[in-house]
Structures are given as structure tokens and as C-alpha cells.
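Printed here is upload-v1.pdb (PDB, C-alpha atoms and all ligand atoms):
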```pdb
ATOM      1  CA  MET A   1      12.241 -23.302  -4.388  1.00  0.00           C
ATOM      2  CA  ASN A   2      12.781 -26.627  -2.660  1.00  0.00           C
ATOM      3  CA  HIS A   3      15.053 -26.449   0.330  1.00  0.00           C
ATOM      4  CA  LEU A   4      18.162 -28.607   0.732  1.00  0.00           C
ATOM      5  CA  ILE A   5      19.287 -30.723   3.691  1.00  0.00           C
ATOM      6  CA  ALA A   6      22.997 -31.171   4.395  1.00  0.00           C
ATOM      7  CA  PRO A   7      23.661 -33.557   7.301  1.00  0.00           C
ATOM      8  CA  SER A   8      26.979 -32.802   9.004  1.00  0.00           C
ATOM      9  CA  ILE A   9      29.509 -35.644   9.044  1.00  0.00           C
ATOM     10  CA  LEU A  10      30.931 -34.128  12.252  1.00  0.00           C
ATOM     11  CA  ALA A  11      28.122 -35.810  14.184  1.00  0.00           C
ATOM     12  CA  ALA A  12      28.536 -39.189  12.445  1.00  0.00           C
ATOM     13  CA  ASP A  13      30.100 -42.288  14.005  1.00  0.00           C
ATOM     14  CA  PHE A  14      33.676 -42.155  12.695  1.00  0.00           C
ATOM     15  CA  ALA A  15      34.187 -45.828  13.459  1.00  0.00           C
ATOM     16  CA  ASN A  16      31.266 -46.570  11.128  1.00  0.00           C
ATOM     17  CA  LEU A  17      31.724 -43.827   8.582  1.00  0.00           C
ATOM     18  CA  GLN A  18      30.917 -45.939   5.531  1.00  0.00           C
ATOM     19  CA  ARG A  19      27.647 -47.026   7.150  1.00  0.00           C
ATOM     20  CA  ASP A  20      26.709 -43.437   7.947  1.00  0.00           C
ATOM     21  CA  VAL A  21      27.618 -42.182   4.464  1.00  0.00           C
ATOM     22  CA  GLU A  22      25.474 -44.933   2.956  1.00  0.00           C
ATOM     23  CA  MET A  23      22.625 -43.971   5.271  1.00  0.00           C
ATOM     24  CA  MET A  24      22.849 -40.456   3.808  1.00  0.00           C
ATOM     25  CA  ASN A  25      23.110 -41.829   0.256  1.00  0.00           C
ATOM     26  CA  ASN A  26      19.865 -43.701   0.809  1.00  0.00           C
ATOM     27  CA  SER A  27      18.078 -40.794   2.487  1.00  0.00           C
ATOM     28  CA  GLN A  28      16.525 -37.541   1.297  1.00  0.00           C
ATOM     29  CA  ALA A  29      19.748 -35.685   2.133  1.00  0.00           C
ATOM     30  CA  ASP A  30      20.808 -33.357  -0.675  1.00  0.00           C
ATOM     31  CA  TRP A  31      24.413 -32.603   0.285  1.00  0.00           C
ATOM     32  CA  MET A  32      26.891 -33.879   2.872  1.00  0.00           C
ATOM     33  CA  HIS A  33      28.377 -31.151   5.073  1.00  0.00           C
ATOM     34  CA  ILE A  34      32.103 -31.504   5.825  1.00  0.00           C
ATOM     35  CA  ASP A  35      33.341 -29.449   8.813  1.00  0.00           C
ATOM     36  CA  ILE A  36      37.075 -28.763   8.721  1.00  0.00           C
ATOM     37  CA  MET A  37      38.450 -27.249  11.965  1.00  0.00           C
ATOM     38  CA  ASP A  38      42.074 -26.365  12.598  1.00  0.00           C
ATOM     39  CA  GLY A  39      42.242 -25.642  16.332  1.00  0.00           C
ATOM     40  CA  MET A  40      43.288 -22.064  15.486  1.00  0.00           C
ATOM     41  CA  PHE A  41      40.313 -20.236  13.991  1.00  0.00           C
ATOM     42  CA  VAL A  42      38.063 -22.371  16.159  1.00  0.00           C
ATOM     43  CA  PRO A  43      38.865 -24.071  19.489  1.00  0.00           C
ATOM     44  CA  ASN A  44      38.542 -27.605  18.156  1.00  0.00           C
ATOM     45  CA  ILE A  45      40.196 -29.913  15.626  1.00  0.00           C
ATOM     46  CA  SER A  46      37.866 -32.072  13.545  1.00  0.00           C
ATOM     47  CA  PHE A  47      39.440 -34.032  10.673  1.00  0.00           C
ATOM     48  CA  GLY A  48      41.288 -33.482   7.422  1.00  0.00           C
ATOM     49  CA  PHE A  49      41.938 -34.946   3.995  1.00  0.00           C
ATOM     50  CA  PRO A  50      42.106 -38.685   4.781  1.00  0.00           C
ATOM     51  CA  VAL A  51      38.629 -38.618   6.329  1.00  0.00           C
ATOM     52  CA  MET A  52      37.185 -36.380   3.623  1.00  0.00           C
ATOM     53  CA  LYS A  53      38.580 -38.680   0.921  1.00  0.00           C
ATOM     54  CA  ALA A  54      37.097 -41.697   2.686  1.00  0.00           C
ATOM     55  CA  VAL A  55      33.699 -39.975   2.641  1.00  0.00           C
ATOM     56  CA  LYS A  56      34.126 -39.022  -1.018  1.00  0.00           C
ATOM     57  CA  LYS A  57      34.842 -42.639  -1.937  1.00  0.00           C
ATOM     58  CA  TYR A  58      31.300 -43.703  -0.922  1.00  0.00           C
ATOM     59  CA  ALA A  59      29.269 -40.482  -1.141  1.00  0.00           C
ATOM     60  CA  THR A  60      26.786 -40.193  -3.985  1.00  0.00           C
ATOM     61  CA  LYS A  61      25.854 -36.619  -3.009  1.00  0.00           C
ATOM     62  CA  PRO A  62      27.775 -33.340  -3.307  1.00  0.00           C
ATOM     63  CA  LEU A  63      30.258 -32.493  -0.555  1.00  0.00           C
ATOM     64  CA  ASP A  64      29.599 -29.100   1.046  1.00  0.00           C
ATOM     65  CA  VAL A  65      32.952 -28.206   2.610  1.00  0.00           C
ATOM     66  CA  HIS A  66      32.966 -25.690   5.483  1.00  0.00           C
ATOM     67  CA  LEU A  67      36.482 -24.427   6.214  1.00  0.00           C
ATOM     68  CA  MET A  68      36.921 -23.186   9.771  1.00  0.00           C
ATOM     69  CA  ILE A  69      40.647 -22.636   9.303  1.00  0.00           C
ATOM     70  CA  VAL A  70      43.025 -19.676   9.193  1.00  0.00           C
ATOM     71  CA  ASP A  71      44.428 -18.700   5.784  1.00  0.00           C
ATOM     72  CA  PRO A  72      42.156 -21.042   3.802  1.00  0.00           C
ATOM     73  CA  ASP A  73      43.762 -19.969   0.497  1.00  0.00           C
ATOM     74  CA  ARG A  74      46.606 -22.383   1.215  1.00  0.00           C
ATOM     75  CA  TYR A  75      44.291 -25.374   1.005  1.00  0.00           C
ATOM     76  CA  LEU A  76      41.626 -24.495  -1.568  1.00  0.00           C
ATOM     77  CA  LYS A  77      43.167 -26.606  -4.324  1.00  0.00           C
ATOM     78  CA  ALA A  78      43.624 -29.566  -1.995  1.00  0.00           C
ATOM     79  CA  PHE A  79      39.946 -29.463  -1.025  1.00  0.00           C
ATOM     80  CA  ALA A  80      38.871 -29.151  -4.656  1.00  0.00           C
ATOM     81  CA  ASP A  81      41.092 -32.142  -5.508  1.00  0.00           C
ATOM     82  CA  ALA A  82      39.587 -34.077  -2.573  1.00  0.00           C
ATOM     83  CA  GLY A  83      36.162 -33.724  -4.184  1.00  0.00           C
ATOM     84  CA  ALA A  84      34.542 -30.572  -2.820  1.00  0.00           C
ATOM     85  CA  TYR A  85      31.390 -29.443  -4.631  1.00  0.00           C
ATOM     86  CA  SER A  86      31.196 -26.183  -2.712  1.00  0.00           C
ATOM     87  CA  ILE A  87      33.788 -24.487  -0.527  1.00  0.00           C
ATOM     88  CA  THR A  88      32.778 -22.119   2.273  1.00  0.00           C
ATOM     89  CA  VAL A  89      35.397 -19.825   3.776  1.00  0.00           C
ATOM     90  CA  HIS A  90      34.808 -17.594   6.781  1.00  0.00           C
ATOM     91  CA  TYR A  91      34.620 -13.841   6.256  1.00  0.00           C
ATOM     92  CA  GLU A  92      36.680 -13.504   9.452  1.00  0.00           C
ATOM     93  CA  THR A  93      39.633 -15.442   7.975  1.00  0.00           C
ATOM     94  CA  CYS A  94      39.968 -13.733   4.582  1.00  0.00           C
ATOM     95  CA  PRO A  95      41.595 -10.302   4.267  1.00  0.00           C
ATOM     96  CA  HIS A  96      41.408 -10.594   0.459  1.00  0.00           C
ATOM     97  CA  LEU A  97      38.007 -12.180   0.238  1.00  0.00           C
ATOM     98  CA  HIS A  98      37.333 -11.242  -3.389  1.00  0.00           C
ATOM     99  CA  ARG A  99      40.546 -12.957  -4.465  1.00  0.00           C
ATOM    100  CA  THR A 100      39.711 -16.038  -2.387  1.00  0.00           C
ATOM    101  CA  VAL A 101      36.219 -16.275  -3.905  1.00  0.00           C
ATOM    102  CA  GLN A 102      37.608 -16.038  -7.437  1.00  0.00           C
ATOM    103  CA  ALA A 103      40.170 -18.752  -6.611  1.00  0.00           C
ATOM    104  CA  ILE A 104      37.394 -21.103  -5.440  1.00  0.00           C
ATOM    105  CA  LYS A 105      35.466 -20.532  -8.686  1.00  0.00           C
ATOM    106  CA  GLU A 106      38.556 -21.061 -10.820  1.00  0.00           C
ATOM    107  CA  LEU A 107      38.932 -24.464  -9.164  1.00  0.00           C
ATOM    108  CA  GLY A 108      35.446 -25.340 -10.432  1.00  0.00           C
ATOM    109  CA  CYS A 109      33.728 -25.238  -7.034  1.00  0.00           C
ATOM    110  CA  LYS A 110      30.746 -23.236  -5.818  1.00  0.00           C
ATOM    111  CA  ALA A 111      31.936 -20.282  -3.747  1.00  0.00           C
ATOM    112  CA  SER A 112      30.426 -19.555  -0.348  1.00  0.00           C
ATOM    113  CA  VAL A 113      31.203 -17.239   2.573  1.00  0.00           C
ATOM    114  CA  ALA A 114      30.277 -17.893   6.213  1.00  0.00           C
ATOM    115  CA  ILE A 115      29.717 -15.250   8.873  1.00  0.00           C
ATOM    116  CA  ASN A 116      30.000 -15.832  12.600  1.00  0.00           C
ATOM    117  CA  PRO A 117      27.091 -14.873  14.879  1.00  0.00           C
ATOM    118  CA  HIS A 118      28.673 -11.494  15.724  1.00  0.00           C
ATOM    119  CA  THR A 119      29.638 -10.555  12.156  1.00  0.00           C
ATOM    120  CA  ASN A 120      27.422  -7.882  10.602  1.00  0.00           C
ATOM    121  CA  THR A 121      25.634  -9.026   7.452  1.00  0.00           C
ATOM    122  CA  LEU A 122      26.335  -5.661   5.795  1.00  0.00           C
ATOM    123  CA  LEU A 123      29.991  -6.665   5.527  1.00  0.00           C
ATOM    124  CA  LEU A 124      28.900  -8.983   2.699  1.00  0.00           C
ATOM    125  CA  LYS A 125      27.404  -6.167   0.630  1.00  0.00           C
ATOM    126  CA  ASP A 126      30.324  -5.792  -1.779  1.00  0.00           C
ATOM    127  CA  ILE A 127      30.923  -9.533  -2.284  1.00  0.00           C
ATOM    128  CA  ILE A 128      27.402 -10.961  -2.331  1.00  0.00           C
ATOM    129  CA  ALA A 129      26.963 -10.609  -6.111  1.00  0.00           C
ATOM    130  CA  ASP A 130      29.985 -12.887  -6.627  1.00  0.00           C
ATOM    131  CA  LEU A 131      28.795 -15.704  -4.348  1.00  0.00           C
ATOM    132  CA  ASP A 132      26.878 -18.922  -4.883  1.00  0.00           C
ATOM    133  CA  MET A 133      25.996 -19.139  -1.196  1.00  0.00           C
ATOM    134  CA  VAL A 134      26.168 -17.346   2.142  1.00  0.00           C
ATOM    135  CA  LEU A 135      26.388 -19.470   5.297  1.00  0.00           C
ATOM    136  CA  VAL A 136      24.893 -17.803   8.359  1.00  0.00           C
ATOM    137  CA  MET A 137      26.322 -19.409  11.501  1.00  0.00           C
ATOM    138  CA  SER A 138      23.637 -19.960  14.110  1.00  0.00           C
ATOM    139  CA  VAL A 139      26.161 -21.071  16.765  1.00  0.00           C
ATOM    140  CA  ASN A 140      29.762 -20.064  17.376  1.00  0.00           C
ATOM    141  CA  PRO A 141      31.681 -22.480  15.132  1.00  0.00           C
ATOM    142  CA  GLY A 142      33.765 -25.233  16.675  1.00  0.00           C
ATOM    143  CA  PHE A 143      31.405 -27.840  18.051  1.00  0.00           C
ATOM    144  CA  GLY A 144      28.279 -29.752  17.205  1.00  0.00           C
ATOM    145  CA  ALA A 145      25.159 -29.913  19.374  1.00  0.00           C
ATOM    146  CA  GLN A 146      25.242 -26.297  20.561  1.00  0.00           C
ATOM    147  CA  LYS A 147      22.237 -24.120  21.319  1.00  0.00           C
ATOM    148  CA  PHE A 148      20.715 -22.238  18.384  1.00  0.00           C
ATOM    149  CA  ILE A 149      21.154 -18.441  18.581  1.00  0.00           C
ATOM    150  CA  GLU A 150      17.788 -16.712  18.062  1.00  0.00           C
ATOM    151  CA  HIS A 151      19.214 -13.570  16.408  1.00  0.00           C
ATOM    152  CA  THR A 152      19.953 -15.778  13.370  1.00  0.00           C
ATOM    153  CA  TYR A 153      16.449 -15.241  11.958  1.00  0.00           C
ATOM    154  CA  THR A 154      17.083 -11.518  11.603  1.00  0.00           C
ATOM    155  CA  LYS A 155      20.463 -12.078   9.963  1.00  0.00           C
ATOM    156  CA  ILE A 156      19.029 -14.511   7.417  1.00  0.00           C
ATOM    157  CA  THR A 157      16.395 -11.992   6.421  1.00  0.00           C
ATOM    158  CA  GLU A 158      19.060  -9.293   6.077  1.00  0.00           C
ATOM    159  CA  VAL A 159      21.152 -11.521   3.783  1.00  0.00           C
ATOM    160  CA  LYS A 160      18.087 -12.457   1.765  1.00  0.00           C
ATOM    161  CA  GLU A 161      17.072  -8.821   1.322  1.00  0.00           C
ATOM    162  CA  MET A 162      20.597  -7.857   0.278  1.00  0.00           C
ATOM    163  CA  SER A 163      20.767 -10.671  -2.265  1.00  0.00           C
ATOM    164  CA  ALA A 164      17.385  -9.800  -3.796  1.00  0.00           C
ATOM    165  CA  LEU A 165      18.964  -6.760  -5.403  1.00  0.00           C
ATOM    166  CA  THR A 166      22.104  -8.224  -6.945  1.00  0.00           C
ATOM    167  CA  ASN A 167      21.973 -12.029  -6.663  1.00  0.00           C
ATOM    168  CA  PRO A 168      18.444 -13.440  -6.396  1.00  0.00           C
ATOM    169  CA  HIS A 169      19.603 -17.055  -6.893  1.00  0.00           C
ATOM    170  CA  LEU A 170      21.967 -16.975  -3.916  1.00  0.00           C
ATOM    171  CA  ASN A 171      21.683 -19.970  -1.602  1.00  0.00           C
ATOM    172  CA  VAL A 172      21.362 -19.034   2.076  1.00  0.00           C
ATOM    173  CA  GLU A 173      22.614 -21.799   4.356  1.00  0.00           C
ATOM    174  CA  VAL A 174      22.199 -21.978   8.115  1.00  0.00           C
ATOM    175  CA  ASP A 175      24.498 -24.054  10.314  1.00  0.00           C
ATOM    176  CA  GLY A 176      24.230 -24.892  14.003  1.00  0.00           C
ATOM    177  CA  GLY A 177      21.391 -26.158  16.147  1.00  0.00           C
ATOM    178  CA  VAL A 178      19.011 -26.683  13.237  1.00  0.00           C
ATOM    179  CA  ASP A 179      16.189 -29.108  13.991  1.00  0.00           C
ATOM    180  CA  ILE A 180      12.516 -29.720  13.348  1.00  0.00           C
ATOM    181  CA  SER A 181      11.541 -27.040  15.891  1.00  0.00           C
ATOM    182  CA  ASN A 182      13.180 -24.139  14.017  1.00  0.00           C
ATOM    183  CA  ILE A 183      13.500 -25.158  10.345  1.00  0.00           C
ATOM    184  CA  SER A 184      10.115 -23.748   9.274  1.00  0.00           C
ATOM    185  CA  ARG A 185      10.812 -20.342  10.794  1.00  0.00           C
ATOM    186  CA  LEU A 186      14.311 -20.373   9.237  1.00  0.00           C
ATOM    187  CA  MET A 187      12.753 -21.072   5.838  1.00  0.00           C
ATOM    188  CA  ALA A 188      10.265 -18.253   6.326  1.00  0.00           C
ATOM    189  CA  ALA A 189      13.185 -15.944   7.176  1.00  0.00           C
ATOM    190  CA  GLY A 190      14.822 -16.809   3.833  1.00  0.00           C
ATOM    191  CA  ALA A 191      17.186 -19.756   4.363  1.00  0.00           C
ATOM    192  CA  ASN A 192      17.075 -22.617   1.843  1.00  0.00           C
ATOM    193  CA  VAL A 193      20.018 -24.878   2.814  1.00  0.00           C
ATOM    194  CA  PHE A 194      20.037 -26.518   6.245  1.00  0.00           C
ATOM    195  CA  VAL A 195      22.999 -28.148   7.946  1.00  0.00           C
ATOM    196  CA  ALA A 196      21.990 -30.646  10.613  1.00  0.00           C
ATOM    197  CA  GLY A 197      24.400 -32.626  12.755  1.00  0.00           C
ATOM    198  CA  ASN A 198      23.073 -33.548  16.150  1.00  0.00           C
ATOM    199  CA  SER A 199      19.395 -33.471  15.173  1.00  0.00           C
ATOM    200  CA  VAL A 200      20.039 -36.137  12.522  1.00  0.00           C
ATOM    201  CA  PHE A 201      22.701 -38.349  14.053  1.00  0.00           C
ATOM    202  CA  SER A 202      21.320 -38.488  17.594  1.00  0.00           C
ATOM    203  CA  ALA A 203      17.913 -39.568  16.268  1.00  0.00           C
ATOM    204  CA  ALA A 204      16.844 -43.179  16.729  1.00  0.00           C
ATOM    205  CA  ASN A 205      15.891 -43.228  13.052  1.00  0.00           C
ATOM    206  CA  GLN A 206      18.348 -41.000  11.176  1.00  0.00           C
ATOM    207  CA  THR A 207      16.791 -41.489   7.739  1.00  0.00           C
ATOM    208  CA  GLU A 208      13.450 -40.450   9.162  1.00  0.00           C
ATOM    209  CA  ALA A 209      14.989 -37.400  10.877  1.00  0.00           C
ATOM    210  CA  ILE A 210      16.355 -36.302   7.471  1.00  0.00           C
ATOM    211  CA  ALA A 211      12.969 -36.931   5.863  1.00  0.00           C
ATOM    212  CA  GLN A 212      11.220 -34.797   8.474  1.00  0.00           C
ATOM    213  CA  LEU A 213      13.574 -31.875   7.840  1.00  0.00           C
ATOM    214  CA  LYS A 214      13.207 -32.311   4.077  1.00  0.00           C
ATOM    215  CA  ASN A 215       9.425 -32.429   4.240  1.00  0.00           C
ATOM    216  CA  ALA A 216       9.089 -29.465   6.626  1.00  0.00           C
ATOM    217  CA  LYS A 217       7.008 -26.613   5.265  1.00  0.00           C
TER     218      LYS A 217
HETATM  219  C1  LIG B   1      29.763 -26.083  13.939  1.00  0.00           C
HETATM  220  C2  LIG B   1      29.742 -26.765  12.610  1.00  0.00           C
HETATM  221  C3  LIG B   1      28.423 -27.348  12.297  1.00  0.00           C
HETATM  222  C4  LIG B   1      28.022 -28.463  13.212  1.00  0.00           C
HETATM  223  C5  LIG B   1      26.522 -28.444  13.282  1.00  0.00           C
HETATM  224  O1  LIG B   1      30.985 -25.478  14.132  1.00  0.00           O
HETATM  225  O2  LIG B   1      30.064 -25.859  11.572  1.00  0.00           O
HETATM  226  O3  LIG B   1      28.335 -27.762  10.942  1.00  0.00           O
HETATM  227  O4  LIG B   1      28.440 -29.725  12.774  1.00  0.00           O
HETATM  228  O5  LIG B   1      26.137 -29.360  14.222  1.00  0.00           O
HETATM  229  P1  LIG B   1      24.724 -29.292  14.972  1.00  0.00           P
HETATM  230  O6  LIG B   1      23.669 -29.441  13.921  1.00  0.00           O
HETATM  231  O7  LIG B   1      24.824 -30.440  15.904  1.00  0.00           O
HETATM  232  O8  LIG B   1      24.653 -27.957  15.650  1.00  0.00           O
HETATM  233 ZN    ZN B   2      29.540 -26.462   9.421  1.00  0.00          ZN
END
```
Can you turn what I pasted into C-alpha cells?
Amino acid sequence: MNHLIAPSILAADFANLQRDVEMMNNSQADWMHIDIMDGMFVPNISFGFPVMKAVKKYATKPLDVHLMIVDPDRYLKAFADAGAYSITVHYETCPHLHRTVQAIKELGCKASVAINPHTNTLLLKDIIADLDMVLVMSVNPGFGAQKFIEHTYTKITEVKEMSALTNPHLNVEVDGGVDISNISRLMAAGANVFVAGNSVFSAANQTEAIAQLKNAK
């Protein structure tokens, strides 16, 4: 299966957002990753609906929305209305995760659950059959350009093995510190969707950085 590249808008130049969205439109990017942070679940505030809608206005690729917010149920419909293709909620924020996942699907979006670096993959065992995607965090969420956590490889393999039994078409996304030095090993571990912020937007040639990730084997 071909892997997917989802550059993270968080690392874009917000004063030139249309330019950066068009760069992604004209690149080999598959999705655009939208990081929503509330300053409560994570120690940072990113952006909200006005920025996401501005991206949606120009984006020709699906918006992969990553909610790093407490009580995400309150905002699922608003993110679906703002143009989300997929919605990822954090396991750590959802006491009624099954209900939340069904709500995302009823809104017509792909349903995805993220786990923080310390969260045991086995906690997904009873929800994995209902999901379109699992997002394995490879940094502690909250900021771009952090150091990749090596234990992520093991976790990806665990998720992949769990999904083989009940949900073989599950997408496994990895987010945080992904670059050309680790993408091949992440693929070998079982990931097939790659978020990349800093490694794309800090590159001198961003389109080429996306192409390199897309063409990695
Ligand atoms: C981290 C965010 C990531 C971040 C990735 O909390 O969820 O999506 O933008 O950025 P890099 O690729 O720079 O680690
Ligand atoms: Zn993210």
C-alpha cells in the first residue's frame, strides 16, 4: 500500500498561509494536517476555526484534523462543518470513546484516535475495529519541531499487529519528528500515514522535501 504524507500547517508561515497551502496543493502531499490545541490538554494554543476555514478555502486535499483539546465532543460538528475529512481525538480526553467515535462517523468524517507516548497501545484493543485510523504520537503533543521518541517503532508494530486481527485496513499515522532519517523504519514498523511539520517547512525546497518523504521506500 502506498504511504501518505500529511504536512502539518502548524509549521507553515501564517502570514503567507495561502502561499503555503498552494505549495501543498502543487506537491505530492496527500492530506493537510490541522493541529488544534486548546492550552488545556496541551500546554500550547495553536489556532481555531477562522484559520482552518481559510485553509479549507484554498486546499485541494483532505484536511486531517488532530484535536488536542479537552472534551472534543463539544466541537465535533463544528470541525465537520469546517471541512474536516478525518477527525482524530485523543484517547486521553475521551471517557466515552466509543460514543465519540460513532459521533464522528455520523458526521460523515473518518474516525481516528491518537495515543500519547506514554499511553499503552493495548488500551485501543476494544475500539480498534471501529476506527479508520490510529495516530501514534512520537512526541508529547503541543509543539512542532520536537525530538522523535524512539519507542514509537515498537508502539506502531503493536498497533499494526492488533489491527491485523480485526481491522486490516486501518491507517496507522505517526506524528512528531518525522523526517527522511526515520520514515523508512517507521514504514517497516507498520505506519502508512506520516505527519511532517518542521522537516517540510524548514526545508529550503518544501515541495522537494515532501517529494522525498513520498518517494521514501
Ligand atoms: C505536535 C503536533 C504535530 C506537529 C508535528 O503536537 O501534533 O502535528 O505539528 O510537527 P513536527 O513534524 O515539526 O514534529
Ligand atoms: Zn498533529
Next item on the list: Please identify the residues whose atoms come within 7 Å of ligand ZN 2 (chain B), using all atoms listed in the file, and report them as a ChimeraX atom specification.
Entry: /A:8,33-35,66,175,195
Next item on the list: Determine the residue membership of the PyMOL selection byres (((chain A and resi 190) around 8) and not hetatm) for the file above and supply it as a list in words.
Entry: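 Those residues are Ile156, Thr157, Lys160, Val172, Leu186, Met187, Ala188, Ala189, Ala191 and Asn192 of chain A.
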Note to self: Can you spell out as a ChimeraX atom specification the set of residues that the PyMOL selection byres (((chain A and resi 61) around 10) and not hetatm) selects in the structure I just provided?
What the structure shows: /A:6,21,24-25,29-32,56,58-60,62-64,85
Report the residues retrieved by the PyMOL selection byres (((not hetatm)) within 7 of (chain B and resi 1)) from the displayed file, expressed as a PDB file with C-alpha atoms, keeping the file's coordinate frame.
```pdb
ATOM      1  CA  SER A   8      26.979 -32.802   9.004  1.00  0.00           C
ATOM      2  CA  LEU A  10      30.931 -34.128  12.252  1.00  0.00           C
ATOM      3  CA  ALA A  11      28.122 -35.810  14.184  1.00  0.00           C
ATOM      4  CA  HIS A  33      28.377 -31.151   5.073  1.00  0.00           C
ATOM      5  CA  ASP A  35      33.341 -29.449   8.813  1.00  0.00           C
ATOM      6  CA  HIS A  66      32.966 -25.690   5.483  1.00  0.00           C
ATOM      7  CA  VAL A 139      26.161 -21.071  16.765  1.00  0.00           C
ATOM      8  CA  ASN A 140      29.762 -20.064  17.376  1.00  0.00           C
ATOM      9  CA  PRO A 141      31.681 -22.480  15.132  1.00  0.00           C
ATOM     10  CA  GLY A 142      33.765 -25.233  16.675  1.00  0.00           C
ATOM     11  CA  PHE A 143      31.405 -27.840  18.051  1.00  0.00           C
ATOM     12  CA  GLY A 144      28.279 -29.752  17.205  1.00  0.00           C
ATOM     13  CA  ALA A 145      25.159 -29.913  19.374  1.00  0.00           C
ATOM     14  CA  GLN A 146      25.242 -26.297  20.561  1.00  0.00           C
ATOM     15  CA  ASP A 175      24.498 -24.054  10.314  1.00  0.00           C
ATOM     16  CA  GLY A 176      24.230 -24.892  14.003  1.00  0.00           C
ATOM     17  CA  GLY A 177      21.391 -26.158  16.147  1.00  0.00           C
ATOM     18  CA  VAL A 178      19.011 -26.683  13.237  1.00  0.00           C
ATOM     19  CA  VAL A 195      22.999 -28.148   7.946  1.00  0.00           C
ATOM     20  CA  ALA A 196      21.990 -30.646  10.613  1.00  0.00           C
ATOM     21  CA  GLY A 197      24.400 -32.626  12.755  1.00  0.00           C
ATOM     22  CA  ASN A 198      23.073 -33.548  16.150  1.00  0.00           C
ATOM     23  CA  SER A 199      19.395 -33.471  15.173  1.00  0.00           C
TER      24      SER A 199
END
```
Using only the atoms of segment 162-177 of chain A listed in the file, plus 4 Å on each side, state the axis-aligned box centre and edge lengths in Å rounded to one decimal, as lines of an AutoDock Vina configuration file.
```
center_x = 20.9
center_y = -16.5
center_z = 4.6
size_x = 15.1
size_y = 27.4
size_z = 31.1
```
Note to self: I'd like the neighbourhood of Lys53 of chain A as a PyMOL selection string, where a residue qualifies if any of its atoms comes within 10 Å (using all atoms listed in the file), though same-chain residues fewer than 2 positions away should be ignored.
What the structure shows: chain A and resi 48-51+55-59+79+81-84
Just-selected residues, C-alpha atoms written as a PDB file, keeping the file's coordinate frame:
```
ATOM      1  CA  GLY A  48      41.288 -33.482   7.422  1.00  0.00           C
ATOM      2  CA  PHE A  49      41.938 -34.946   3.995  1.00  0.00           C
ATOM      3  CA  PRO A  50      42.106 -38.685   4.781  1.00  0.00           C
ATOM      4  CA  VAL A  51      38.629 -38.618   6.329  1.00  0.00           C
ATOM      5  CA  VAL A  55      33.699 -39.975   2.641  1.00  0.00           C
ATOM      6  CA  LYS A  56      34.126 -39.022  -1.018  1.00  0.00           C
ATOM      7  CA  LYS A  57      34.842 -42.639  -1.937  1.00  0.00           C
ATOM      8  CA  TYR A  58      31.300 -43.703  -0.922  1.00  0.00           C
ATOM      9  CA  ALA A  59      29.269 -40.482  -1.141  1.00  0.00           C
ATOM     10  CA  PHE A  79      39.946 -29.463  -1.025  1.00  0.00           C
ATOM     11  CA  ASP A  81      41.092 -32.142  -5.508  1.00  0.00           C
ATOM     12  CA  ALA A  82      39.587 -34.077  -2.573  1.00  0.00           C
ATOM     13  CA  GLY A  83      36.162 -33.724  -4.184  1.00  0.00           C
ATOM     14  CA  ALA A  84      34.542 -30.572  -2.820  1.00  0.00           C
TER      15      ALA A  84
END
```
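Between atom CA of Ala216 of chain A and atom CA of Val136 of chain A the interatomic distance comes to 19.7 Å.
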Item checked: Atom pair atom CA of Asp126 of chain A / atom CA of His98 of chain A: separation (Å) ->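 These atoms are spaced 9.0 Å apart.
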Next item on the list: Could you check how far atom CA of Asn167 of chain A sits from atom CA of Pro72 of chain A, in Å to one decimal?
Entry: 24.5 Å
Checklist line | A:Leu17, A:Ala129, A:Ala164, A:Leu135 ranked by distance to Leu67 of chain A, top pick (using only C-alpha atoms) | finding: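 Smallest distance to Leu67 of chain A is found for A:Leu135.
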Notebook entry, point to check: Leaving out Thr207 of chain A and any residue of its chain fewer than 2 positions from it, which residues lie within 9 Å of it when counting all atoms listed in the file, given as a PyMOL selection string?
Noted result: chain A and resi 23-24+26-29+200+203+205+209-212
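Comparing A:Met52, A:Ala78, A:Glu150, A:Asn171 by their smallest distance to Lys110 of chain A, the closest is A:Asn171 (using all atoms listed in the file).
Minimum distance to Thr121 of chain A across A:Met162, A:Leu107, A:Ala12, A:Ile149 (counting only C-alpha atoms) occurs at A:Met162.
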Item checked: All residues 9 Å or closer to Glu92 of chain A, only C-alpha atoms, same chain fewer than 2 positions away omitted, as number ranges by chain -> A: 41, 70, 89-90, 94-95, 114-116, 119
Margin query: Nearest residue to Phe194 of chain A out of A:His151, A:Asp179, A:Glu208, A:Glu173, using all atoms listed in the file?
Written below: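 With all atoms listed in the file as the atom set, the closest residue is A:Glu173.
Counting only C-alpha atoms and comparing A:Asn16, A:Val134, A:Ile180, A:Thr93, the residue that lies closest to Val193 of chain A is A:Val134.
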Note to self: Counting only C-alpha atoms, which residue out of A:Tyr153, A:Met137, A:Glu22, A:Ala54 sits closest to Gln206 of chain A?
What the structure shows: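 Result for the nearest residue to Gln206 of chain A: A:Glu22.
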